[in-house]
Structure formats: structure tokens, C-alpha cells
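Participant: File upload.tsv follows (TSV, C-alpha atoms):
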```
chain	number	residue	atom	x	y	z
A	1	MET	CA	21.20	30.15	-7.73
A	2	LYS	CA	21.69	30.10	-3.96
A	3	LEU	CA	17.99	29.24	-3.53
A	4	LEU	CA	18.46	26.13	-5.70
A	5	SER	CA	21.22	24.94	-3.38
A	6	TYR	CA	18.53	24.67	-0.67
A	7	VAL	CA	15.56	23.57	-2.78
A	8	ILE	CA	17.22	20.64	-4.56
A	9	PRO	CA	18.47	18.92	-1.36
A	10	ALA	CA	15.10	19.56	0.33
A	11	VAL	CA	13.22	17.95	-2.56
A	12	PHE	CA	15.65	15.01	-2.57
A	13	LEU	CA	15.32	14.46	1.19
A	14	GLY	CA	11.53	14.72	0.88
A	15	TYR	CA	11.59	12.09	-1.85
A	16	LEU	CA	13.69	9.74	0.31
A	17	TYR	CA	11.38	10.27	3.30
A	18	PHE	CA	8.24	9.69	1.27
A	19	ASN	CA	9.56	6.49	-0.35
A	20	ARG	CA	10.94	4.95	2.83
A	21	SER	CA	10.29	1.28	3.59
A	22	PRO	CA	10.95	0.65	7.27
A	23	THR	CA	11.41	-2.90	8.51
A	24	ARG	CA	8.26	-4.33	10.07
A	25	ASN	CA	8.10	-6.97	12.79
A	26	ILE	CA	5.38	-9.26	11.46
A	27	PRO	CA	3.72	-11.31	14.24
A	28	ILE	CA	3.76	-15.10	13.92
A	29	GLY	CA	0.46	-16.97	13.97
A	30	ASP	CA	-2.96	-17.00	12.36
A	31	ASN	CA	-3.64	-13.31	12.79
A	32	LEU	CA	-4.14	-10.57	10.23
A	33	VAL	CA	-1.83	-7.58	9.93
A	34	SER	CA	-2.81	-4.18	8.62
A	35	PRO	CA	-2.18	-3.86	4.89
A	36	ALA	CA	-1.24	-0.18	5.27
A	37	ASP	CA	-0.09	2.52	7.67
A	38	GLY	CA	-2.59	5.29	8.26
A	39	VAL	CA	-5.79	6.17	10.08
A	40	ILE	CA	-8.77	3.80	10.17
A	41	THR	CA	-11.64	5.87	8.78
A	42	GLY	CA	-14.33	3.21	8.75
A	43	ILE	CA	-15.24	-0.36	9.59
A	44	ARG	CA	-18.34	-1.91	8.02
A	45	ASN	CA	-19.39	-5.24	6.53
A	46	ASN	CA	-16.03	-6.93	7.27
A	47	GLN	CA	-14.21	-4.08	5.53
A	48	ILE	CA	-11.65	-1.80	7.13
A	49	GLU	CA	-10.91	1.53	5.42
A	50	ILE	CA	-7.52	3.14	6.00
A	51	PHE	CA	-6.64	6.69	4.93
A	52	ILE	CA	-2.93	7.07	4.23
A	53	GLN	CA	-1.70	10.57	5.01
A	54	ILE	CA	1.19	12.13	3.13
A	55	THR	CA	3.48	11.55	6.16
A	56	ASP	CA	2.59	7.82	6.42
A	57	VAL	CA	4.53	5.00	4.78
A	58	HIS	CA	2.79	4.37	1.44
A	59	ILE	CA	3.67	0.69	1.08
A	60	GLN	CA	0.91	-1.91	1.28
A	61	ARG	CA	1.57	-5.38	2.66
A	62	ALA	CA	-0.22	-8.71	2.52
A	63	PRO	CA	-2.52	-8.96	5.57
A	64	PHE	CA	-2.12	-12.76	5.61
A	65	GLN	CA	-0.20	-15.42	3.69
A	66	GLY	CA	-1.90	-16.81	0.62
A	67	GLN	CA	-2.11	-16.77	-3.15
A	68	ILE	CA	-2.84	-13.73	-5.28
A	69	THR	CA	-5.81	-14.78	-7.42
A	70	ASP	CA	-6.42	-11.62	-9.42
A	71	ILE	CA	-5.26	-8.04	-9.90
A	72	ILE	CA	-7.76	-5.63	-11.41
A	73	GLN	CA	-6.39	-2.32	-12.65
A	74	ASP	CA	-9.00	-0.18	-14.39
A	75	ASN	CA	-6.81	2.92	-14.38
A	76	PRO	CA	-3.49	4.10	-12.88
A	77	MET	CA	-5.26	5.57	-9.81
A	78	TYR	CA	-7.12	2.46	-8.62
A	79	ASN	CA	-6.56	-1.26	-8.35
A	80	VAL	CA	-7.84	-4.34	-6.54
A	81	ILE	CA	-5.71	-7.24	-5.33
A	82	GLU	CA	-7.64	-10.47	-4.65
A	83	MET	CA	-6.13	-13.15	-2.38
A	84	ASP	CA	-7.15	-16.62	-1.24
A	85	THR	CA	-5.95	-17.53	2.25
A	86	LYS	CA	-6.77	-20.25	4.74
A	87	LEU	CA	-8.84	-17.61	6.55
A	88	GLY	CA	-10.89	-17.02	3.38
A	89	HIS	CA	-10.92	-14.60	0.47
A	90	ILE	CA	-9.32	-11.16	1.02
A	91	THR	CA	-9.79	-8.14	-1.22
A	92	ILE	CA	-7.43	-5.16	-1.02
A	93	GLU	CA	-8.61	-2.01	-2.83
A	94	ARG	CA	-6.12	0.80	-3.37
A	95	TRP	CA	-6.84	4.38	-4.51
A	96	ALA	CA	-4.21	6.96	-5.36
A	97	GLY	CA	-4.65	10.59	-4.45
A	98	GLU	CA	-5.20	13.37	-6.96
A	99	LEU	CA	-1.64	14.67	-6.66
A	100	ALA	CA	0.40	11.68	-7.87
A	101	ARG	CA	-2.38	9.53	-9.32
A	102	THR	CA	-0.37	6.29	-9.42
A	103	VAL	CA	-0.76	2.84	-7.85
A	104	ILE	CA	2.26	0.53	-8.24
A	105	THR	CA	1.83	-3.24	-7.85
A	106	ASP	CA	4.80	-5.51	-7.10
A	107	VAL	CA	2.97	-8.87	-7.16
A	108	LYS	CA	1.44	-10.94	-9.95
A	109	PRO	CA	-1.61	-13.22	-10.20
A	110	TYR	CA	-1.02	-16.77	-8.84
A	111	GLN	CA	1.99	-15.61	-6.83
A	112	TYR	CA	2.17	-16.90	-3.24
A	113	VAL	CA	2.85	-14.16	-0.68
A	114	GLU	CA	3.82	-14.30	2.96
A	115	LYS	CA	2.04	-12.28	5.63
A	116	GLY	CA	3.61	-8.81	5.66
A	117	GLN	CA	5.17	-9.14	2.20
A	118	ILE	CA	5.10	-5.95	0.15
A	119	LEU	CA	2.26	-5.91	-2.39
A	120	GLY	CA	3.04	-2.47	-3.81
A	121	ARG	CA	2.75	1.21	-3.01
A	122	ILE	CA	0.61	4.23	-3.69
A	123	LEU	CA	2.24	7.53	-4.55
A	124	LEU	CA	1.40	10.49	-2.29
A	125	GLY	CA	-2.05	10.80	-0.63
A	126	SER	CA	-4.06	7.58	-0.82
A	127	HIS	CA	-6.63	5.18	0.59
A	128	THR	CA	-6.62	1.41	1.25
A	129	SER	CA	-9.44	-0.89	2.27
```
The structure in this file should be written as C-alpha cells.
Facilitator:
Amino acid sequence: MKLLSYVIPAVFLGYLYFNRSPTRNIPIGDNLVSPADGVITGIRNNQIEIFIQITDVHIQRAPFQGQITDIIQDNPMYNVIEMDTKLGHITIERWAGELARTVITDVKPYQYVEKGQILGRILLGSHTS
């Protein structure tokens, strides 16, 4: 019983830490912002791949203001958010890790989003490009 008095608060604090959403200072102007925290693991053909570690913030944000044109969700572990912006078409692919296996989307097709607005989150280990 005494062990539970340590485990339950530790799990709760871990949950709060993992699901944090810190305030971001989004720069003004016609520049892109990163859609996710993490480590850049590749850049090729105008695509940036970002690996989100378990200690990173797992929220994805709009890299530029524009309109969501489509959301493709083939399964709970993967989805694609398509956006039209004045800089051109932007595609955001999101993969969930094997542990939690869930991608959550907070936007809808045809919705206008501001640069830095939350698009959704990926539970536990994940990847964004």
C-alpha cells in the first residue's frame, strides 16, 4: 500500500509533464515555424523530418497561417494535414509511436488557422514531417 502512495503521484506528475502545452512566442512575418518540438532527422526534397522524443512537447502547430484543405486519417497511428497558404501548399504528416498509437487532431477541413496555432498532438513517441 505504501508503494502505491509513491507510484500514483509519480504517474500523475508524469502524465501532466507529458501533456504540457507551454506558451510559444510565434514570430511575426512571412516566415515558417517548426510544426513540432524534437530533433531534425532529415531534410530532403523540401521536406523536414522531426523525431519527437518522449521528453519533448508532443503538440503540433501550424507552420504558417492558411486554410486546412484536407485531413487524411487511415488509422489511429497516422494522419496527414494538408494546408493552403500564401507560401504554397504545406503537408504535415504525423506518426504515433508503438507505445500509445494515437494521433489526435484538433482542426477540421476548411478551417483557417493562424501560424503557431495548435493542430493536434501525438501521444508518446512520435514523428512529424
Participant: If we count all atoms listed in the file, what is near segment 12-29 of chain A at a cut-off of 8 Å, once residues fewer than 5 positions away on the same chain are taken out, given as a VMD selection string?
Facilitator: chain A and resid 54 to 59 115 to 116 124
Participant: Would you compute the distance between atom CA of Gln73 of chain A and atom CA of Tyr110 of chain A? Give it in Å to one decimal.
Facilitator: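 Between these atoms lies a distance of 15.9 Å.
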Participant: Find, counting only C-alpha atoms, the residue in A:Thr85, A:Gln67, A:Thr41, A:Asn79 that gets nearest to Val103 of chain A.
Facilitator: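 Of the candidates, the smallest distance to Val103 of chain A is held by A:Asn79.
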Participant: Which centre and which edge lengths, in Å to one decimal, describe the axis-aligned box that holds all listed atoms of segment 70-86 of chain A after 4 Å is added on each side, as AutoDock Vina command-line options?
Facilitator:
```
--center_x -6.2 --center_y -7.3 --center_z -4.8 --size_x 13.5 --size_y 33.8 --size_z 27.1
```
Participant: Using only C-alpha atoms, pick whichever of A:Leu3, A:Leu99, A:Val39, A:Ile92 has the shortest atom-to-atom distance to Met77 of chain A.
Facilitator: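 Ranking A:Leu3, A:Leu99, A:Val39, A:Ile92 by distance to Met77 of chain A, first place goes to A:Leu99.
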Participant: Looking at A:Gly88, A:Gln65, A:Arg121, A:Ile8, which one is nearest to Asn46 of chain A, with distances taken over only C-alpha atoms?
Facilitator: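 Distance minimum relative to Asn46 of chain A lands on A:Gly88.
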Participant: Report, in Å with one decimal, the straight-line distance from atom CA of Tyr78 of chain A to atom CA of Asp30 of chain A.
Facilitator: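 Interatomic distance here is 28.9 Å.
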Participant: For Pro76 of chain A, work out the shell of residues within 12 Å, counting all atoms listed in the file and skipping chain neighbours fewer than 3 positions away, then give it as a ChimeraX atom specification.
Facilitator: /A:72-73,79-80,94-98,100-105,122-123
Participant: Could you dump the residues just selected with C-alpha atoms as a PDB file, in the frame of the given file?
Facilitator:
```pdb
ATOM      1  CA  ILE A  72      -7.760  -5.630 -11.410  1.00  0.00           C
ATOM      2  CA  GLN A  73      -6.390  -2.320 -12.650  1.00  0.00           C
ATOM      3  CA  ASN A  79      -6.560  -1.260  -8.350  1.00  0.00           C
ATOM      4  CA  VAL A  80      -7.840  -4.340  -6.540  1.00  0.00           C
ATOM      5  CA  ARG A  94      -6.120   0.800  -3.370  1.00  0.00           C
ATOM      6  CA  TRP A  95      -6.840   4.380  -4.510  1.00  0.00           C
ATOM      7  CA  ALA A  96      -4.210   6.960  -5.360  1.00  0.00           C
ATOM      8  CA  GLY A  97      -4.650  10.590  -4.450  1.00  0.00           C
ATOM      9  CA  GLU A  98      -5.200  13.370  -6.960  1.00  0.00           C
ATOM     10  CA  ALA A 100       0.400  11.680  -7.870  1.00  0.00           C
ATOM     11  CA  ARG A 101      -2.380   9.530  -9.320  1.00  0.00           C
ATOM     12  CA  THR A 102      -0.370   6.290  -9.420  1.00  0.00           C
ATOM     13  CA  VAL A 103      -0.760   2.840  -7.850  1.00  0.00           C
ATOM     14  CA  ILE A 104       2.260   0.530  -8.240  1.00  0.00           C
ATOM     15  CA  THR A 105       1.830  -3.240  -7.850  1.00  0.00           C
ATOM     16  CA  ILE A 122       0.610   4.230  -3.690  1.00  0.00           C
ATOM     17  CA  LEU A 123       2.240   7.530  -4.550  1.00  0.00           C
TER      18      LEU A 123
END
```
Participant: Take atom CA of Pro63 of chain A and atom CA of Asn45 of chain A and report the distance between them in Å, one decimal.
Facilitator: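 Computing the Euclidean distance for atom CA of Pro63 of chain A and atom CA of Asn45 of chain A yields 17.3 Å.
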Participant: Restricting the calculation to only C-alpha atoms: of A:Gln117, A:Gln111, A:Gln53, A:Gln47, which residue gets closest to Ile71 of chain A?
Facilitator: A:Gln111
